[in-house]
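Reproduced below: input13.cif, with mmCIF, C-alpha atoms (C1' of nucleotides).
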```
data_upload
#
loop_
_atom_site.label_atom_id
_atom_site.label_comp_id
_atom_site.auth_asym_id
_atom_site.auth_seq_id
_atom_site.Cartn_x
_atom_site.Cartn_y
_atom_site.Cartn_z
CA MET A 1 -116.63 -76.66 3.30
CA SER A 2 -116.50 -78.33 6.69
CA LYS A 3 -116.32 -76.38 9.92
CA ALA A 4 -112.80 -77.64 10.58
CA GLU A 5 -111.64 -76.20 7.27
CA THR A 6 -113.30 -72.87 8.03
CA ILE A 7 -111.47 -72.58 11.34
CA ARG A 8 -108.26 -73.72 9.71
CA ASN A 9 -108.65 -71.01 7.10
CA LYS A 10 -109.32 -68.46 9.79
CA ILE A 11 -106.16 -69.50 11.62
CA VAL A 12 -104.13 -69.17 8.44
CA SER A 13 -105.49 -65.75 7.50
CA THR A 14 -105.06 -64.47 11.06
CA ALA A 15 -101.51 -65.83 11.27
CA ASP A 16 -100.82 -64.30 7.87
CA ASP A 17 -101.87 -60.90 9.14
CA LEU A 18 -99.95 -61.17 12.42
CA PHE A 19 -96.80 -62.50 10.77
CA TYR A 20 -96.88 -59.47 8.52
CA ARG A 21 -97.53 -56.90 11.21
CA GLN A 22 -95.42 -58.36 14.03
CA GLY A 23 -93.03 -60.67 12.22
CA PHE A 24 -93.00 -64.47 12.36
CA HIS A 25 -90.76 -64.90 15.36
CA HIS A 26 -92.51 -62.19 17.29
CA THR A 27 -95.93 -63.77 16.90
CA SER A 28 -96.78 -66.40 19.51
CA PHE A 29 -99.42 -69.12 19.51
CA ALA A 30 -101.19 -67.12 22.20
CA ASP A 31 -101.39 -64.12 19.85
CA ILE A 32 -102.93 -66.15 17.06
CA SER A 33 -105.36 -68.17 19.17
CA LYS A 34 -106.49 -65.00 20.96
CA ALA A 35 -107.08 -63.20 17.65
CA VAL A 36 -108.95 -66.18 16.21
CA GLY A 37 -110.93 -66.67 19.39
CA ILE A 38 -110.07 -70.29 20.11
CA SER A 39 -108.06 -71.95 22.85
CA ARG A 40 -104.44 -72.86 22.39
CA GLY A 41 -105.33 -76.52 22.81
CA ASN A 42 -107.81 -76.42 19.96
CA PHE A 43 -105.10 -74.77 17.95
CA TYR A 44 -102.98 -77.88 17.96
CA TYR A 45 -105.80 -79.88 16.52
CA HIS A 46 -105.28 -77.98 13.27
CA PHE A 47 -101.52 -77.42 13.29
CA LYS A 48 -98.87 -79.54 14.95
CA THR A 49 -96.06 -76.97 15.02
CA LYS A 50 -95.43 -73.30 14.35
CA ASP A 51 -93.54 -74.18 11.20
CA ASP A 52 -96.66 -75.94 9.93
CA ILE A 53 -98.64 -72.71 10.24
CA LEU A 54 -95.87 -70.81 8.51
CA ALA A 55 -95.86 -73.27 5.64
CA ALA A 56 -99.63 -72.93 5.30
CA VAL A 57 -99.40 -69.12 5.38
CA LEU A 58 -96.67 -69.04 2.74
CA LYS A 59 -98.58 -71.46 0.52
CA GLU A 60 -101.70 -69.37 0.86
CA ARG A 61 -99.83 -66.14 0.08
CA GLN A 62 -98.19 -67.69 -2.93
CA ALA A 63 -101.54 -68.90 -4.26
CA ALA A 64 -103.07 -65.45 -3.77
CA ILE A 65 -100.20 -63.73 -5.57
CA ALA A 66 -100.24 -66.25 -8.41
CA GLN A 67 -103.94 -65.62 -8.85
CA MET A 68 -103.48 -61.85 -8.83
CA LEU A 69 -100.74 -62.03 -11.47
CA ALA A 70 -102.83 -64.37 -13.62
CA GLN A 71 -105.74 -61.96 -13.35
CA TRP A 72 -103.61 -59.05 -14.50
CA SER A 73 -102.35 -61.14 -17.38
CA THR A 74 -105.91 -61.78 -18.57
CA GLU A 75 -107.53 -58.45 -17.74
CA LEU A 76 -104.79 -56.13 -18.94
CA PRO A 77 -104.00 -56.56 -22.64
CA GLU A 78 -100.78 -54.56 -22.74
CA PRO A 79 -97.66 -55.88 -20.94
CA ARG A 80 -96.70 -52.32 -20.06
CA GLU A 81 -100.05 -51.83 -18.34
CA ARG A 82 -99.39 -54.97 -16.33
CA LEU A 83 -96.02 -53.68 -15.21
CA LEU A 84 -97.65 -50.42 -14.19
CA ALA A 85 -100.26 -52.35 -12.23
CA PHE A 86 -97.49 -54.15 -10.39
CA VAL A 87 -95.66 -50.97 -9.48
CA ASN A 88 -98.88 -49.22 -8.61
CA MET A 89 -99.56 -51.86 -5.97
CA ILE A 90 -96.91 -50.16 -3.83
CA ALA A 91 -98.63 -46.79 -4.04
CA LEU A 92 -102.00 -48.35 -3.24
CA SER A 93 -100.73 -50.09 -0.13
CA GLN A 94 -98.63 -47.16 1.06
CA GLU A 95 -100.49 -46.96 4.34
CA SER A 96 -99.61 -50.47 5.46
CA ILE A 97 -96.09 -50.17 4.04
CA ILE A 98 -95.46 -47.13 6.21
CA GLN A 99 -96.53 -49.12 9.23
CA TYR A 100 -95.22 -52.61 8.54
CA GLY A 101 -93.16 -52.57 5.35
CA CYS A 102 -93.60 -54.81 2.34
CA PRO A 103 -95.34 -58.08 3.31
CA ILE A 104 -93.22 -60.03 0.84
CA GLY A 105 -89.88 -58.38 1.49
CA THR A 106 -90.01 -58.23 5.29
CA THR A 107 -91.10 -61.86 5.61
CA CYS A 108 -88.47 -62.98 3.13
CA SER A 109 -85.71 -61.05 4.92
CA GLU A 110 -86.72 -62.46 8.29
CA LEU A 111 -87.12 -66.09 7.23
CA ILE A 112 -84.00 -66.27 5.11
CA LYS A 113 -81.86 -65.84 8.23
CA LEU A 114 -83.58 -68.64 10.12
CA LYS A 115 -81.55 -71.80 9.79
CA ASN A 116 -84.47 -74.21 10.02
CA ILE A 117 -86.55 -72.55 7.31
CA ASN A 118 -86.38 -73.76 3.74
CA TYR A 119 -84.78 -71.18 1.47
CA ASN A 120 -87.23 -71.80 -1.37
CA ASP A 121 -90.20 -71.34 0.93
CA ALA A 122 -88.86 -67.98 2.07
CA THR A 123 -88.12 -66.64 -1.39
CA GLY A 124 -90.93 -68.37 -3.31
CA ILE A 125 -93.13 -65.33 -3.72
CA ILE A 126 -90.35 -63.05 -4.93
CA VAL A 127 -89.34 -65.68 -7.44
CA LEU A 128 -92.95 -65.69 -8.63
CA PHE A 129 -92.86 -61.92 -9.12
CA ARG A 130 -89.53 -62.10 -10.88
CA GLU A 131 -90.69 -64.68 -13.40
CA TRP A 132 -93.91 -62.85 -14.08
CA LEU A 133 -92.07 -59.55 -14.61
CA VAL A 134 -89.58 -61.20 -16.96
CA GLU A 135 -92.48 -62.60 -18.98
CA GLN A 136 -94.06 -59.17 -19.38
CA ILE A 137 -90.79 -57.45 -20.28
CA LYS A 138 -90.02 -60.06 -22.90
CA LEU A 139 -93.37 -59.21 -24.48
CA LEU A 140 -92.01 -55.69 -24.86
CA GLY A 141 -89.34 -57.14 -27.14
CA TYR A 142 -86.43 -57.76 -24.77
CA LYS A 143 -84.31 -60.90 -24.78
CA HIS A 144 -84.42 -63.06 -21.67
CA THR A 145 -81.17 -61.88 -20.05
CA LYS A 146 -81.97 -58.21 -20.45
CA ALA A 147 -85.58 -58.74 -19.43
CA ASP A 148 -84.43 -60.44 -16.25
CA GLN A 149 -82.11 -57.55 -15.43
CA HIS A 150 -84.96 -55.10 -15.87
CA ALA A 151 -87.22 -57.29 -13.75
CA MET A 152 -84.60 -57.33 -11.01
CA HIS A 153 -84.34 -53.56 -11.23
CA ILE A 154 -88.09 -53.20 -10.73
CA LEU A 155 -87.93 -55.49 -7.71
CA THR A 156 -84.99 -53.47 -6.39
CA CYS A 157 -86.97 -50.24 -6.57
CA THR A 158 -90.16 -51.62 -5.04
CA GLN A 159 -88.29 -53.21 -2.15
CA GLY A 160 -86.17 -50.13 -1.60
CA ILE A 161 -89.26 -47.94 -1.52
CA SER A 162 -90.83 -50.25 1.06
CA VAL A 163 -87.81 -50.24 3.35
CA ILE A 164 -87.27 -46.49 3.21
CA GLY A 165 -91.02 -45.81 3.33
CA LEU A 166 -91.20 -47.83 6.54
CA ALA A 167 -88.13 -46.19 8.04
CA PHE A 168 -89.24 -42.62 7.40
CA LYS A 169 -93.01 -43.22 7.42
CA ASP A 170 -93.39 -40.85 4.48
CA ALA A 171 -96.33 -41.39 2.11
CA ASP A 172 -95.40 -38.53 -0.21
CA TYR A 173 -92.00 -40.06 -0.72
CA ILE A 174 -93.57 -43.38 -1.74
CA VAL A 175 -95.84 -41.74 -4.28
CA ARG A 176 -92.94 -39.75 -5.72
CA GLU A 177 -90.64 -42.75 -6.09
CA VAL A 178 -93.44 -44.84 -7.58
CA ASP A 179 -94.05 -42.08 -10.13
CA ASP A 180 -90.37 -42.06 -11.06
CA LEU A 181 -90.45 -45.80 -11.52
CA LYS A 182 -93.58 -45.54 -13.69
CA GLN A 183 -91.81 -43.02 -15.91
CA TRP A 184 -88.89 -45.39 -16.20
CA LEU A 185 -91.31 -48.14 -17.26
CA GLN A 186 -92.88 -45.90 -19.91
CA GLN A 187 -89.58 -45.42 -21.70
CA LEU A 188 -88.59 -49.06 -21.31
CA MET B 189 -58.44 -48.11 29.27
CA SER B 190 -59.49 -50.28 32.21
CA LYS B 191 -60.12 -54.00 31.91
CA ALA B 192 -63.83 -53.50 32.52
CA GLU B 193 -64.04 -51.14 29.60
CA THR B 194 -62.18 -53.57 27.38
CA ILE B 195 -64.64 -56.35 28.18
CA ARG B 196 -67.51 -53.98 27.76
CA ASN B 197 -66.24 -53.04 24.34
CA LYS B 198 -65.85 -56.67 23.42
CA ILE B 199 -69.43 -57.36 24.47
CA VAL B 200 -70.66 -54.46 22.36
CA SER B 201 -68.70 -55.44 19.25
CA THR B 202 -69.73 -59.09 19.61
CA ALA B 203 -73.38 -58.17 20.13
CA ASP B 204 -73.11 -55.84 17.14
CA ASP B 205 -71.94 -58.68 14.97
CA LEU B 206 -74.54 -61.17 16.23
CA PHE B 207 -77.40 -58.68 16.00
CA TYR B 208 -76.45 -58.15 12.38
CA ARG B 209 -76.07 -61.80 11.47
CA GLN B 210 -78.91 -63.28 13.52
CA GLY B 211 -81.12 -60.30 14.21
CA PHE B 212 -81.68 -58.63 17.60
CA HIS B 213 -84.57 -60.78 18.76
CA HIS B 214 -82.88 -63.99 17.68
CA THR B 215 -79.72 -63.29 19.61
CA SER B 216 -79.79 -64.44 23.24
CA PHE B 217 -77.59 -63.51 26.17
CA ALA B 218 -76.22 -67.03 26.01
CA ASP B 219 -75.13 -66.44 22.40
CA ILE B 220 -73.31 -63.25 23.26
CA SER B 221 -71.66 -64.45 26.47
CA LYS B 222 -70.55 -67.64 24.75
CA ALA B 223 -69.04 -65.70 21.86
CA VAL B 224 -67.30 -63.28 24.22
CA GLY B 225 -66.13 -66.08 26.49
CA ILE B 226 -67.62 -64.89 29.77
CA SER B 227 -70.39 -66.24 31.97
CA ARG B 228 -73.91 -64.90 31.81
CA GLY B 229 -73.60 -63.68 35.37
CA ASN B 230 -70.58 -61.57 34.56
CA PHE B 231 -72.53 -60.25 31.65
CA TYR B 232 -75.00 -58.51 33.89
CA TYR B 233 -72.22 -56.68 35.62
CA HIS B 234 -71.74 -54.69 32.42
CA PHE B 235 -75.31 -54.47 31.12
CA LYS B 236 -78.50 -54.54 33.13
CA THR B 237 -80.91 -55.40 30.31
CA LYS B 238 -80.90 -56.50 26.70
CA ASP B 239 -82.15 -53.08 25.67
CA ASP B 240 -79.08 -51.58 27.30
CA ILE B 241 -76.83 -53.65 25.05
CA LEU B 242 -78.89 -52.68 22.04
CA ALA B 243 -78.61 -49.01 22.93
CA ALA B 244 -74.82 -49.36 23.28
CA VAL B 245 -74.59 -51.20 19.94
CA LEU B 246 -76.65 -48.57 18.14
CA LYS B 247 -74.64 -45.75 19.68
CA GLU B 248 -71.42 -47.45 18.67
CA ARG B 249 -72.66 -48.04 15.11
CA GLN B 250 -73.80 -44.47 14.81
CA ALA B 251 -70.44 -43.19 15.98
CA ALA B 252 -68.60 -45.42 13.51
CA ILE B 253 -70.79 -44.28 10.62
CA ALA B 254 -70.46 -40.64 11.58
CA GLN B 255 -66.70 -41.01 11.62
CA MET B 256 -66.66 -42.73 8.23
CA LEU B 257 -68.78 -40.00 6.67
CA ALA B 258 -66.60 -37.30 8.21
CA GLN B 259 -63.52 -39.02 6.84
CA TRP B 260 -64.97 -39.10 3.33
CA SER B 261 -65.84 -35.45 3.66
CA THR B 262 -62.23 -34.57 4.44
CA GLU B 263 -60.39 -37.07 2.23
CA LEU B 264 -62.50 -36.75 -0.91
CA PRO B 265 -62.53 -33.20 -2.30
CA GLU B 266 -65.39 -33.66 -4.78
CA PRO B 267 -68.95 -34.20 -3.51
CA ARG B 268 -69.61 -36.52 -6.44
CA GLU B 269 -66.68 -38.68 -5.40
CA ARG B 270 -68.14 -38.88 -1.91
CA LEU B 271 -71.49 -40.02 -3.28
CA LEU B 272 -69.71 -42.66 -5.33
CA ALA B 273 -67.84 -43.80 -2.22
CA PHE B 274 -71.16 -44.22 -0.43
CA VAL B 275 -72.72 -46.27 -3.21
CA ASN B 276 -69.55 -48.27 -3.67
CA MET B 277 -69.80 -49.40 -0.07
CA ILE B 278 -72.60 -51.74 -1.17
CA ALA B 279 -70.46 -53.37 -3.85
CA LEU B 280 -67.57 -53.77 -1.42
CA SER B 281 -69.68 -55.50 1.18
CA GLN B 282 -71.60 -57.65 -1.29
CA GLU B 283 -70.46 -60.86 0.36
CA SER B 284 -72.00 -60.07 3.72
CA ILE B 285 -75.07 -58.50 2.10
CA ILE B 286 -75.75 -61.75 0.26
CA GLN B 287 -75.62 -63.59 3.56
CA TYR B 288 -77.19 -61.17 6.02
CA GLY B 289 -78.50 -58.15 4.15
CA CYS B 290 -77.72 -54.51 4.89
CA PRO B 291 -76.66 -54.05 8.54
CA ILE B 292 -78.42 -50.71 8.70
CA GLY B 293 -81.60 -51.63 6.83
CA THR B 294 -82.27 -55.01 8.40
CA THR B 295 -81.74 -53.72 11.93
CA CYS B 296 -83.91 -50.69 11.27
CA SER B 297 -86.70 -52.82 9.78
CA GLU B 298 -86.62 -55.22 12.70
CA LEU B 299 -86.48 -52.64 15.48
CA ILE B 300 -89.08 -50.32 14.05
CA LYS B 301 -91.76 -52.96 14.59
CA LEU B 302 -90.85 -53.55 18.23
CA LYS B 303 -93.16 -51.52 20.43
CA ASN B 304 -90.71 -50.90 23.25
CA ILE B 305 -87.88 -49.60 21.06
CA ASN B 306 -87.44 -45.90 20.50
CA TYR B 307 -88.18 -44.92 16.92
CA ASN B 308 -85.29 -42.48 16.74
CA ASP B 309 -82.84 -45.08 17.97
CA ALA B 310 -83.94 -47.48 15.25
CA THR B 311 -83.76 -44.98 12.41
CA GLY B 312 -80.85 -42.89 13.67
CA ILE B 313 -78.23 -44.22 11.31
CA ILE B 314 -80.38 -43.89 8.20
CA VAL B 315 -81.17 -40.32 9.19
CA LEU B 316 -77.42 -39.74 9.44
CA PHE B 317 -76.91 -41.08 5.92
CA ARG B 318 -79.79 -39.02 4.60
CA GLU B 319 -78.46 -35.77 6.01
CA TRP B 320 -74.95 -36.43 4.78
CA LEU B 321 -76.19 -37.28 1.28
CA VAL B 322 -78.31 -34.13 1.18
CA GLU B 323 -75.27 -32.10 2.14
CA GLN B 324 -73.20 -33.55 -0.71
CA ILE B 325 -75.95 -33.15 -3.30
CA LYS B 326 -76.48 -29.52 -2.34
CA LEU B 327 -72.79 -28.99 -3.05
CA LEU B 328 -73.58 -30.13 -6.60
CA GLY B 329 -75.85 -27.13 -6.90
CA TYR B 330 -79.25 -28.50 -5.94
CA LYS B 331 -81.72 -26.77 -3.66
CA HIS B 332 -82.56 -28.48 -0.38
CA THR B 333 -85.89 -30.04 -1.39
CA LYS B 334 -84.55 -31.50 -4.61
CA ALA B 335 -81.35 -32.62 -2.93
CA ASP B 336 -83.36 -34.44 -0.29
CA GLN B 337 -85.40 -36.21 -2.96
CA HIS B 338 -82.24 -37.34 -4.69
CA ALA B 339 -80.78 -38.48 -1.36
CA MET B 340 -83.91 -40.51 -0.68
CA HIS B 341 -83.62 -42.05 -4.13
CA ILE B 342 -80.06 -43.15 -3.44
CA LEU B 343 -81.15 -44.68 -0.14
CA THR B 344 -84.01 -46.41 -1.95
CA CYS B 345 -81.65 -48.02 -4.43
CA THR B 346 -79.07 -49.12 -1.88
CA GLN B 347 -81.69 -50.65 0.39
CA GLY B 348 -83.47 -52.31 -2.52
CA ILE B 349 -80.20 -53.80 -3.74
CA SER B 350 -79.53 -55.18 -0.26
CA VAL B 351 -82.95 -56.80 0.09
CA ILE B 352 -82.95 -58.36 -3.36
CA GLY B 353 -79.27 -59.27 -3.10
CA LEU B 354 -80.03 -61.14 0.11
CA ALA B 355 -83.12 -62.83 -1.33
CA PHE B 356 -81.42 -64.09 -4.49
CA LYS B 357 -77.86 -64.31 -3.16
CA ASP B 358 -76.55 -62.91 -6.41
CA ALA B 359 -73.27 -60.97 -6.35
CA ASP B 360 -73.30 -60.16 -10.08
CA TYR B 361 -76.70 -58.55 -9.68
CA ILE B 362 -75.39 -56.31 -6.90
CA VAL B 363 -72.42 -55.16 -8.96
CA ARG B 364 -74.68 -54.45 -11.95
CA GLU B 365 -77.21 -52.44 -9.98
CA VAL B 366 -74.47 -50.50 -8.22
CA ASP B 367 -72.96 -49.66 -11.60
CA ASP B 368 -76.33 -48.39 -12.83
CA LEU B 369 -76.64 -46.24 -9.73
CA LYS B 370 -73.13 -44.87 -10.23
CA GLN B 371 -74.02 -43.90 -13.77
CA TRP B 372 -77.10 -42.13 -12.49
CA LEU B 373 -74.89 -40.23 -10.02
CA GLN B 374 -72.52 -39.18 -12.81
CA GLN B 375 -75.28 -37.40 -14.70
CA LEU B 376 -76.80 -35.89 -11.55
"C1'" DG C 377 -113.75 -81.01 17.89
"C1'" DT C 378 -112.94 -78.01 21.69
"C1'" DC C 379 -111.59 -77.21 26.03
"C1'" DT C 380 -108.42 -77.03 30.56
"C1'" DA C 381 -104.43 -78.37 32.71
"C1'" DT C 382 -99.92 -79.02 32.44
"C1'" DA C 383 -95.17 -80.30 30.96
"C1'" DC C 384 -90.90 -78.55 29.21
"C1'" DG C 385 -87.25 -75.76 27.64
"C1'" DC C 386 -85.28 -71.40 26.88
"C1'" DA C 387 -84.38 -66.48 27.51
"C1'" DG C 388 -84.05 -62.63 30.64
"C1'" DA C 389 -82.78 -61.36 35.02
"C1'" DT C 390 -81.12 -61.67 40.12
"C1'" DA C 391 -78.53 -63.17 44.41
"C1'" DG C 392 -74.81 -64.17 46.53
"C1'" DA C 393 -70.32 -66.93 46.99
"C1'" DC C 394 -65.54 -66.28 45.87
"C1'" DG D 395 -65.04 -58.37 38.87
"C1'" DT D 396 -66.27 -63.04 37.84
"C1'" DC D 397 -68.40 -66.94 38.80
"C1'" DT D 398 -72.43 -70.55 39.93
"C1'" DA D 399 -76.94 -71.24 41.24
"C1'" DT D 400 -81.39 -70.02 40.82
"C1'" DC D 401 -85.81 -67.59 39.85
"C1'" DT D 402 -89.44 -66.11 36.83
"C1'" DG D 403 -92.07 -65.68 32.71
"C1'" DC D 404 -93.04 -66.96 28.18
"C1'" DG D 405 -93.54 -69.81 24.10
"C1'" DT D 406 -94.07 -74.42 22.25
"C1'" DA D 407 -96.15 -78.57 22.71
"C1'" DT D 408 -98.86 -82.62 24.83
"C1'" DA D 409 -102.43 -85.21 27.53
"C1'" DG D 410 -106.62 -86.02 28.56
"C1'" DA D 411 -111.44 -84.49 30.14
"C1'" DC D 412 -115.77 -83.24 28.05
#
```

Go through the file and emit its structure as structure tokens.
Amino acid sequence: MSKAETIRNKIVSTADDLFYRQGFHHTSFADISKAVGISRGNFYYHFKTKDDILAAVLKERQAAIAQMLAQWSTELPEPRERLLAFVNMIALSQESIIQYGCPIGTTCSELIKLKNINYNDATGIIVLFREWLVEQIKLLGYKHTKADQHAMHILTCTQGISVIGLAFKDADYIVREVDDLKQWLQQL
Amino acid sequence: MSKAETIRNKIVSTADDLFYRQGFHHTSFADISKAVGISRGNFYYHFKTKDDILAAVLKERQAAIAQMLAQWSTELPEPRERLLAFVNMIALSQESIIQYGCPIGTTCSELIKLKNINYNDATGIIVLFREWLVEQIKLLGYKHTKADQHAMHILTCTQGISVIGLAFKDADYIVREVDDLKQWLQQL
DNA sequence: GTCTATACGCAGATAGAC
DNA sequence: GTCTATCTGCGTATAGAC
């Protein structure tokens, strides 16, 4: 890997982190270049515009999520286990959720309102989750329509937990709601 | 009511609307003054800073919500009916939720990340909802702790529905999830 | 490739004429 | 009270030296 690619990757991962913690609009080039440790001028050698960085961040996130889901699909034999792994993700990242919310949901909500952002780019990751969830639920014996409704319900709960967890900064609440959701999954 | 107060009120209601549809950070003074039909200079006669407008908007929203909740408490005799009225609010405003999300949730999520905004100002309205819900659920015979957990669950669902409804722009989904939540309330 | 210097536009905010 | 003119700072973006 060339040095240019290494720096590029560092810019993307740093931007990823800052976009999550501060929001896309609220993160300036100065923030990113300062965190990476390069000058703003150098910055433009790698990315022409802010939207270019955003596109790279979203692509990178999507790839990471796709890989994680694929890993679960291979490592966990039972579809129900996979669903539990998905839901458990919320409980595991409760600390960051309390501080910054869900990385997927908050970004999606922010970007979807921006007129110049592509709708599919903004929602891509949630679509990925939805399709993967549907796949697992169908393996439990549900038809597509019903499986999709259940998948949407799971997404509803995880996003709701993230929003309310952020608003009230309550870790116990997150654990409790995640447990309820797990129970719901068990009897699915 | 003096003319100054009328204009002030118009600024607040316009800002309220724009903050909801575009987000606080994304709404400029130019946007508001243009929508109200006054010059930016005149603007500053009524509000010194952007934070002042935000404070006025939040106060106004809080007052409106408090009044709505009080009205439900007087008009609807049964606590269960009141809870249904709350949840039904989501279904009734599905059109705007699909476009802009939940006015309470999105604003809260955005403001809570801003360092210079008071935490209590950002979460005030959700706290209001929480307390009112707890009150109603206690009337159903639940102890405070359990009632609060149920209240938090209702908030979780409504916020989750708003986020996912916005992301997928699906009105049928909203109606379906609201119906599920209503059923859950019936057996509470 | 990486830097400094700088242009440019926009948003927040102020001064002062009317 | 309402306006126009203007200032300042910041964020995006470019040019060009090294």

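Restricting the calculation to all atoms listed in the file, the smallest distance between chain A and any of B:Gln259, B:Gln210, B:Thr333, B:Asn306 is found for B:Gln210.
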
Could you tell me which residues of chain C sit within 9 Å of chain A when counting all atoms listed in the file, and give me the result as a ChimeraX atom specification? /C:377-380

So how far away is CA of Ala355 (chain B) from CA of Leu302 (chain B), in Å?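 Separation of CA of Leu302 (chain B) and CA of Ala355 (chain B): 23.0 Å.
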
Please list as number ranges by chain every residue within 12 Å of Asn308 (chain B), counting only C-alpha atoms (C1' of nucleotides) and excluding residues in the same chain fewer than 3 positions away. A: 167-168; B: 243, 246-247, 250, 296, 299-300, 304-305, 311-316

Enumerate, as a VMD selection string, the residues matched when the PyMOL selection byres ((chain A) within 9 of (chain B)) is run on the file above. chain A and resid 21 to 23 25 to 26 99 to 101 105 to 106 108 to 110 112 to 114 119 122 to 123 126 to 127 149 152 to 153 155 to 168 173 176 to 177

Selection in question (the file shown): the PyMOL selection byres ((chain A) within 10 of (chain D)). Which residues does it include, as a list in words?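 That expression, the PyMOL selection byres ((chain A) within 10 of (chain D)), corresponds here to Thr27, Ser28, Phe29, Ala30, Gly41, Tyr44, Lys48, Thr49 and Lys50 of chain A.
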
How would the residues just picked look written out with C-alpha atoms as a PDB file, in the frame of the given file?
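Saved the output as result.pdb:
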```
ATOM      1  CA  THR A  27     -95.930 -63.770  16.900  1.00  0.00           C
ATOM      2  CA  SER A  28     -96.780 -66.400  19.510  1.00  0.00           C
ATOM      3  CA  PHE A  29     -99.420 -69.120  19.510  1.00  0.00           C
ATOM      4  CA  ALA A  30    -101.190 -67.120  22.200  1.00  0.00           C
ATOM      5  CA  GLY A  41    -105.330 -76.520  22.810  1.00  0.00           C
ATOM      6  CA  TYR A  44    -102.980 -77.880  17.960  1.00  0.00           C
ATOM      7  CA  LYS A  48     -98.870 -79.540  14.950  1.00  0.00           C
ATOM      8  CA  THR A  49     -96.060 -76.970  15.020  1.00  0.00           C
ATOM      9  CA  LYS A  50     -95.430 -73.300  14.350  1.00  0.00           C
TER      10      LYS A  50
END
```

Between CA of Ser221 (chain B) and CA of Ile199 (chain B), what distance in Å does the model show, to one decimal?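 According to the coordinates, CA of Ser221 (chain B) and CA of Ile199 (chain B) are separated by 7.7 Å.
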